[in-house]
>>> print(open('structure_34.txt').read())   # compact mmCIF, N, CA, C and O atoms
# COMPACT_ATOMS: atom_id res chain seq x y z
N MET N 218 15.82 15.40 18.63
CA MET N 218 15.03 14.21 18.79
C MET N 218 13.63 14.51 19.31
O MET N 218 12.78 13.65 19.30
N VAL N 219 13.41 15.73 19.71
CA VAL N 219 12.09 16.10 20.19
C VAL N 219 11.09 16.00 19.06
O VAL N 219 9.97 15.54 19.24
N LYS N 220 11.50 16.39 17.85
CA LYS N 220 10.59 16.34 16.71
C LYS N 220 10.18 14.90 16.42
O LYS N 220 9.01 14.63 16.17
N ASN N 221 11.14 13.97 16.44
CA ASN N 221 10.82 12.58 16.14
C ASN N 221 9.89 11.97 17.17
O ASN N 221 8.99 11.21 16.83
N SER N 222 10.07 12.30 18.44
CA SER N 222 9.18 11.76 19.45
C SER N 222 7.79 12.35 19.31
O SER N 222 6.79 11.67 19.52
N PHE N 223 7.73 13.62 18.91
CA PHE N 223 6.44 14.26 18.71
C PHE N 223 5.71 13.63 17.53
O PHE N 223 4.51 13.40 17.58
N ILE N 224 6.47 13.32 16.47
CA ILE N 224 5.86 12.69 15.31
C ILE N 224 5.34 11.30 15.67
O ILE N 224 4.27 10.90 15.23
N SER N 225 6.09 10.57 16.50
CA SER N 225 5.62 9.24 16.88
C SER N 225 4.33 9.33 17.71
O SER N 225 3.46 8.48 17.60
N ILE N 226 4.20 10.39 18.50
CA ILE N 226 2.95 10.59 19.26
C ILE N 226 1.80 10.86 18.30
O ILE N 226 0.71 10.29 18.45
N ILE N 227 2.04 11.69 17.30
CA ILE N 227 0.99 11.98 16.31
C ILE N 227 0.62 10.72 15.56
O ILE N 227 -0.57 10.44 15.33
N LEU N 228 1.62 9.92 15.19
CA LEU N 228 1.34 8.68 14.48
C LEU N 228 0.52 7.72 15.33
O LEU N 228 -0.39 7.07 14.84
N LYS N 229 0.85 7.62 16.61
CA LYS N 229 0.10 6.72 17.49
C LYS N 229 -1.36 7.17 17.61
O LYS N 229 -2.26 6.34 17.62
N GLU N 230 -1.56 8.49 17.70
CA GLU N 230 -2.93 9.00 17.77
C GLU N 230 -3.69 8.65 16.51
O GLU N 230 -4.85 8.25 16.56
N GLN N 231 -3.04 8.79 15.36
CA GLN N 231 -3.74 8.53 14.11
C GLN N 231 -3.83 7.05 13.80
O GLN N 231 -4.72 6.62 13.08
N GLU N 232 -2.92 6.23 14.33
CA GLU N 232 -3.01 4.78 14.10
C GLU N 232 -4.14 4.17 14.89
O GLU N 232 -4.67 3.12 14.52
N GLU N 233 -4.53 4.81 16.00
CA GLU N 233 -5.66 4.30 16.76
C GLU N 233 -6.91 4.33 15.91
O GLU N 233 -7.76 3.46 16.00
N ASN N 234 -7.02 5.34 15.08
CA ASN N 234 -8.16 5.48 14.20
C ASN N 234 -7.76 4.89 12.84
O ASN N 234 -7.31 5.60 11.96
N LYS N 235 -7.93 3.59 12.65
CA LYS N 235 -7.44 2.90 11.47
C LYS N 235 -8.15 3.33 10.20
O LYS N 235 -7.66 3.10 9.11
N GLU N 236 -9.30 3.96 10.32
CA GLU N 236 -10.02 4.42 9.14
C GLU N 236 -9.34 5.63 8.51
O GLU N 236 -9.55 5.94 7.36
N ASN N 237 -8.48 6.31 9.26
CA ASN N 237 -7.86 7.54 8.80
C ASN N 237 -6.53 7.33 8.09
O ASN N 237 -5.86 8.29 7.76
N ARG N 238 -6.13 6.11 7.83
CA ARG N 238 -4.81 5.88 7.25
C ARG N 238 -4.67 6.47 5.85
O ARG N 238 -3.58 6.74 5.40
N GLY N 239 -5.75 6.66 5.16
CA GLY N 239 -5.70 7.23 3.83
C GLY N 239 -5.85 8.74 3.82
O GLY N 239 -5.78 9.36 2.76
N SER N 240 -6.03 9.33 4.98
CA SER N 240 -6.24 10.78 5.02
C SER N 240 -4.97 11.51 4.64
O SER N 240 -3.85 11.00 4.76
N VAL N 241 -5.15 12.72 4.17
CA VAL N 241 -4.01 13.53 3.74
C VAL N 241 -3.08 13.79 4.91
O VAL N 241 -1.85 13.71 4.76
N GLU N 242 -3.64 14.07 6.08
CA GLU N 242 -2.81 14.37 7.24
C GLU N 242 -1.93 13.18 7.63
O GLU N 242 -0.74 13.35 7.91
N PHE N 243 -2.50 11.99 7.63
CA PHE N 243 -1.73 10.79 7.99
C PHE N 243 -0.61 10.55 6.99
O PHE N 243 0.51 10.22 7.37
N GLN N 244 -0.90 10.74 5.71
CA GLN N 244 0.12 10.54 4.70
C GLN N 244 1.25 11.54 4.84
O GLN N 244 2.43 11.19 4.72
N VAL N 245 0.91 12.80 5.14
CA VAL N 245 1.93 13.83 5.31
C VAL N 245 2.79 13.51 6.53
O VAL N 245 4.02 13.65 6.50
N VAL N 246 2.18 13.05 7.61
CA VAL N 246 2.95 12.69 8.81
C VAL N 246 3.88 11.52 8.52
O VAL N 246 5.05 11.54 8.92
N SER N 247 3.40 10.51 7.81
CA SER N 247 4.26 9.36 7.52
C SER N 247 5.38 9.75 6.56
O SER N 247 6.53 9.30 6.72
N PHE N 248 5.10 10.61 5.58
CA PHE N 248 6.16 11.08 4.69
C PHE N 248 7.19 11.91 5.45
O PHE N 248 8.39 11.79 5.21
N THR N 249 6.74 12.72 6.39
CA THR N 249 7.66 13.53 7.19
C THR N 249 8.56 12.63 8.02
O THR N 249 9.77 12.88 8.14
N ASN N 250 8.01 11.57 8.56
CA ASN N 250 8.80 10.62 9.33
C ASN N 250 9.86 9.96 8.44
O ASN N 250 11.03 9.84 8.83
N LYS N 251 9.48 9.56 7.24
CA LYS N 251 10.43 8.96 6.30
C LYS N 251 11.51 9.96 5.89
O LYS N 251 12.69 9.60 5.78
N ILE N 252 11.12 11.21 5.68
CA ILE N 252 12.07 12.25 5.28
C ILE N 252 13.11 12.47 6.37
O ILE N 252 14.31 12.56 6.09
N ARG N 253 12.67 12.51 7.61
CA ARG N 253 13.62 12.73 8.71
C ARG N 253 14.57 11.54 8.86
O ARG N 253 15.75 11.71 9.14
N ARG N 254 14.06 10.32 8.67
CA ARG N 254 14.93 9.15 8.74
C ARG N 254 15.95 9.15 7.62
O ARG N 254 17.14 8.88 7.84
N LEU N 255 15.51 9.46 6.39
CA LEU N 255 16.43 9.48 5.26
C LEU N 255 17.46 10.60 5.40
O LEU N 255 18.62 10.43 5.02
N THR N 256 17.05 11.73 5.94
CA THR N 256 17.98 12.84 6.13
C THR N 256 19.08 12.46 7.10
O THR N 256 20.27 12.74 6.86
N SER N 257 18.72 11.81 8.19
CA SER N 257 19.75 11.38 9.15
C SER N 257 20.65 10.31 8.54
O SER N 257 21.84 10.27 8.81
N HIS N 258 20.09 9.45 7.69
CA HIS N 258 20.89 8.44 7.00
C HIS N 258 21.89 9.10 6.05
O HIS N 258 23.05 8.71 5.98
N LEU N 259 21.43 10.13 5.33
CA LEU N 259 22.29 10.77 4.35
C LEU N 259 23.37 11.63 4.98
O LEU N 259 24.36 11.95 4.33
N GLU N 260 23.19 12.01 6.24
CA GLU N 260 24.26 12.73 6.92
C GLU N 260 25.47 11.82 7.12
O GLU N 260 26.61 12.28 7.08
N LEU N 261 25.23 10.54 7.32
CA LEU N 261 26.32 9.58 7.47
C LEU N 261 26.86 9.08 6.13
O LEU N 261 28.06 8.89 5.97
N HIS N 262 25.96 8.87 5.17
CA HIS N 262 26.32 8.29 3.88
C HIS N 262 26.06 9.32 2.79
O HIS N 262 25.02 9.30 2.12
N LYS N 263 27.01 10.22 2.60
CA LYS N 263 26.81 11.35 1.69
C LYS N 263 26.71 10.94 0.23
O LYS N 263 26.11 11.63 -0.58
N LYS N 264 27.29 9.82 -0.14
CA LYS N 264 27.30 9.41 -1.55
C LYS N 264 26.27 8.35 -1.88
O LYS N 264 26.36 7.69 -2.92
N ASP N 265 25.28 8.20 -1.05
CA ASP N 265 24.21 7.24 -1.31
C ASP N 265 23.18 7.91 -2.22
O ASP N 265 22.20 8.50 -1.78
N TYR N 266 23.43 7.83 -3.52
CA TYR N 266 22.63 8.58 -4.47
C TYR N 266 21.22 8.02 -4.65
O TYR N 266 20.29 8.76 -4.95
N LEU N 267 21.06 6.72 -4.45
CA LEU N 267 19.72 6.15 -4.55
C LEU N 267 18.82 6.64 -3.42
O LEU N 267 17.64 6.92 -3.63
N SER N 268 19.38 6.77 -2.24
CA SER N 268 18.60 7.32 -1.13
C SER N 268 18.29 8.79 -1.35
O SER N 268 17.22 9.26 -0.97
N GLN N 269 19.22 9.51 -1.98
CA GLN N 269 18.95 10.91 -2.29
C GLN N 269 17.78 11.04 -3.27
O GLN N 269 16.92 11.90 -3.11
N ARG N 270 17.75 10.14 -4.23
CA ARG N 270 16.66 10.16 -5.20
C ARG N 270 15.33 9.83 -4.52
O ARG N 270 14.31 10.47 -4.77
N GLY N 271 15.35 8.83 -3.64
CA GLY N 271 14.14 8.48 -2.90
C GLY N 271 13.67 9.63 -2.03
O GLY N 271 12.47 9.89 -1.92
N LEU N 272 14.62 10.34 -1.41
CA LEU N 272 14.27 11.49 -0.58
C LEU N 272 13.60 12.57 -1.43
O LEU N 272 12.59 13.15 -1.01
N ARG N 273 14.15 12.83 -2.61
CA ARG N 273 13.54 13.86 -3.48
C ARG N 273 12.14 13.46 -3.91
O ARG N 273 11.24 14.30 -4.00
N LYS N 274 11.93 12.17 -4.18
CA LYS N 274 10.60 11.71 -4.58
C LYS N 274 9.60 11.88 -3.45
O LYS N 274 8.47 12.34 -3.66
N ILE N 275 10.01 11.53 -2.23
CA ILE N 275 9.11 11.66 -1.08
C ILE N 275 8.83 13.13 -0.78
O ILE N 275 7.71 13.50 -0.45
N LEU N 276 9.85 13.98 -0.93
CA LEU N 276 9.64 15.42 -0.74
C LEU N 276 8.61 15.97 -1.72
O LEU N 276 7.76 16.78 -1.35
N GLY N 277 8.69 15.51 -2.97
CA GLY N 277 7.73 15.94 -3.97
C GLY N 277 6.32 15.49 -3.66
O GLY N 277 5.35 16.24 -3.81
N LYS N 278 6.20 14.24 -3.21
CA LYS N 278 4.87 13.72 -2.85
C LYS N 278 4.27 14.53 -1.70
O LYS N 278 3.09 14.88 -1.71
N ARG N 279 5.12 14.79 -0.67
CA ARG N 279 4.61 15.56 0.48
C ARG N 279 4.23 16.97 0.05
O ARG N 279 3.21 17.50 0.50
N GLN N 280 5.01 17.57 -0.83
CA GLN N 280 4.72 18.92 -1.30
C GLN N 280 3.39 18.96 -2.05
O GLN N 280 2.59 19.87 -1.85
N ARG N 281 3.15 17.95 -2.89
CA ARG N 281 1.88 17.91 -3.62
C ARG N 281 0.70 17.71 -2.67
O ARG N 281 -0.36 18.33 -2.85
N LEU N 282 0.86 16.86 -1.66
CA LEU N 282 -0.22 16.64 -0.70
C LEU N 282 -0.51 17.92 0.10
O LEU N 282 -1.66 18.25 0.35
N LEU N 283 0.55 18.62 0.50
CA LEU N 283 0.35 19.87 1.25
C LEU N 283 -0.30 20.93 0.38
O LEU N 283 -1.14 21.71 0.86
N ALA N 284 0.04 20.97 -0.90
CA ALA N 284 -0.59 21.93 -1.81
C ALA N 284 -2.07 21.60 -1.96
O ALA N 284 -2.92 22.51 -1.96
N TYR N 285 -2.39 20.32 -2.07
CA TYR N 285 -3.79 19.90 -2.16
C TYR N 285 -4.55 20.29 -0.91
O TYR N 285 -5.67 20.80 -0.98
N LEU N 286 -3.94 20.07 0.24
CA LEU N 286 -4.60 20.37 1.50
C LEU N 286 -4.81 21.87 1.65
O LEU N 286 -5.86 22.31 2.12
N SER N 287 -3.84 22.67 1.23
CA SER N 287 -3.95 24.11 1.43
C SER N 287 -4.94 24.75 0.46
O SER N 287 -5.60 25.72 0.81
N LYS N 288 -5.05 24.21 -0.75
CA LYS N 288 -5.91 24.85 -1.74
C LYS N 288 -7.31 24.25 -1.79
O LYS N 288 -8.30 24.96 -1.77
N LYS N 289 -7.37 22.94 -1.86
CA LYS N 289 -8.66 22.31 -2.11
C LYS N 289 -9.43 22.00 -0.83
O LYS N 289 -10.65 22.06 -0.82
N LYS N 290 -8.72 21.64 0.20
CA LYS N 290 -9.42 21.22 1.42
C LYS N 290 -9.60 22.40 2.36
O LYS N 290 -10.25 23.36 2.01
N ASN N 291 -9.00 22.31 3.50
CA ASN N 291 -9.23 23.29 4.56
C ASN N 291 -7.91 23.94 4.93
O ASN N 291 -6.97 23.27 5.35
N ARG N 292 -7.84 25.26 4.79
CA ARG N 292 -6.61 25.99 5.08
C ARG N 292 -6.26 25.91 6.56
O ARG N 292 -5.09 25.89 6.93
N VAL N 293 -7.26 25.82 7.43
CA VAL N 293 -7.02 25.74 8.88
C VAL N 293 -6.33 24.42 9.21
O VAL N 293 -5.39 24.39 10.00
N ARG N 294 -6.82 23.32 8.62
CA ARG N 294 -6.18 22.02 8.85
C ARG N 294 -4.73 22.03 8.38
O ARG N 294 -3.85 21.45 9.01
N TYR N 295 -4.49 22.71 7.26
CA TYR N 295 -3.13 22.83 6.73
C TYR N 295 -2.23 23.56 7.71
O TYR N 295 -1.13 23.11 8.01
N LYS N 296 -2.69 24.68 8.23
CA LYS N 296 -1.89 25.46 9.18
C LYS N 296 -1.60 24.66 10.45
O LYS N 296 -0.49 24.71 10.99
N GLU N 297 -2.59 23.93 10.96
CA GLU N 297 -2.41 23.11 12.15
C GLU N 297 -1.37 22.02 11.91
O GLU N 297 -0.50 21.77 12.75
N LEU N 298 -1.45 21.39 10.76
CA LEU N 298 -0.51 20.31 10.44
C LEU N 298 0.91 20.84 10.30
O LEU N 298 1.85 20.25 10.82
N ILE N 299 1.05 21.98 9.65
CA ILE N 299 2.38 22.60 9.50
C ILE N 299 2.94 22.94 10.88
O ILE N 299 4.12 22.71 11.16
N GLY N 300 2.10 23.45 11.76
CA GLY N 300 2.54 23.80 13.11
C GLY N 300 2.92 22.57 13.93
O GLY N 300 3.91 22.58 14.66
N GLN N 301 2.14 21.51 13.82
CA GLN N 301 2.42 20.30 14.58
C GLN N 301 3.72 19.64 14.15
O GLN N 301 4.50 19.19 14.97
N LEU N 302 3.95 19.59 12.84
CA LEU N 302 5.13 18.90 12.33
C LEU N 302 6.36 19.79 12.33
O LEU N 302 7.47 19.30 12.10
N ASP N 303 6.17 21.06 12.56
CA ASP N 303 7.27 22.03 12.59
C ASP N 303 8.05 22.01 11.27
O ASP N 303 9.26 21.88 11.23
N ILE N 304 7.28 22.13 10.18
CA ILE N 304 7.91 22.24 8.86
C ILE N 304 7.53 23.60 8.28
O ILE N 304 6.55 24.22 8.70
N ARG N 305 8.32 24.04 7.31
CA ARG N 305 8.10 25.36 6.74
C ARG N 305 6.90 25.34 5.80
O ARG N 305 6.60 24.33 5.16
N GLU N 306 6.26 26.49 5.70
CA GLU N 306 5.17 26.63 4.75
C GLU N 306 5.77 26.77 3.36
O GLU N 306 6.83 27.37 3.19
N ARG N 307 5.11 26.21 2.39
CA ARG N 307 5.68 26.25 1.05
C ARG N 307 5.61 27.65 0.48
O ARG N 307 4.70 28.42 0.77
N LYS N 308 6.60 27.96 -0.33
CA LYS N 308 6.68 29.30 -0.91
C LYS N 308 5.73 29.40 -2.08
O LYS N 308 5.54 28.46 -2.85
N THR N 309 5.13 30.57 -2.22
CA THR N 309 4.26 30.82 -3.38
C THR N 309 5.01 31.72 -4.34
O THR N 309 5.81 32.55 -3.95
N ARG N 310 4.72 31.55 -5.58
CA ARG N 310 5.42 32.34 -6.61
C ARG N 310 4.75 33.66 -6.85
O ARG N 310 3.67 33.92 -6.69
>>> encode(input="structure_34.txt", output="structure tokens")
Amino acid sequence: MVKNSFISIILKEQEENKENRGSVEFQVVSFTNKIRRLTSHLELHKKDYLSQRGLRKILGKRQRLLAYLSKKKNRVRYKELIGQLDIRERKTR
């Protein structure tokens, strides 16, 4: 639960700045929050296939945003965000 409380702190910091809601970082944080909620839901309801599909879609969106941030924007911001959210860095082929 430490991760979820940390994410809520990050969200509160970014919600104070309402102009940043469209930023890549804010979107990644909100997707990560949704992913963690859906994961805990699916631990209880293993056969909820619609939620599994939604989880896969959100994972793909977050992966594309992180790829955009790492390649096109700023690699330092990407590393900081990965460290703050405690998620793995994406694998390169």
>>> closest_atom_pairs(input="structure_34.txt", of="range 244-266 of chain N", to="range 285-304 of chain N", cutoff="8 Å", atoms="all atoms listed in the file", output="Markdown table")
| residue | atom | partner | partner_atom | distance |
| --- | --- | --- | --- | --- |
| N:Val245 | O | N:Leu302 | CA | 7.9 |
| N:Val246 | CA | N:Leu302 | CA | 7.5 |
| N:Thr249 | CA | N:Leu302 | O | 7.6 |
>>> residues_around(input="structure_34.txt", residues="Leu276 in chain N", least_positions_apart="6", cutoff="7 Å", atoms="all atoms listed in the file", output="list of chain:residue names")
N:Phe248, N:Ile252, N:Arg270, N:Leu282
>>> atom_distance(input="structure_34.txt", atom1="CA of Glu306 in chain N", atom2="CA of Leu283 in chain N")
9.0 Å
>>> closest_residue(input="structure_34.txt", among="N:Arg238, N:Arg305, N:Gln280, N:Leu272", to="Thr256 in chain N", atoms="only N, CA, C and O atoms")
N:Leu272
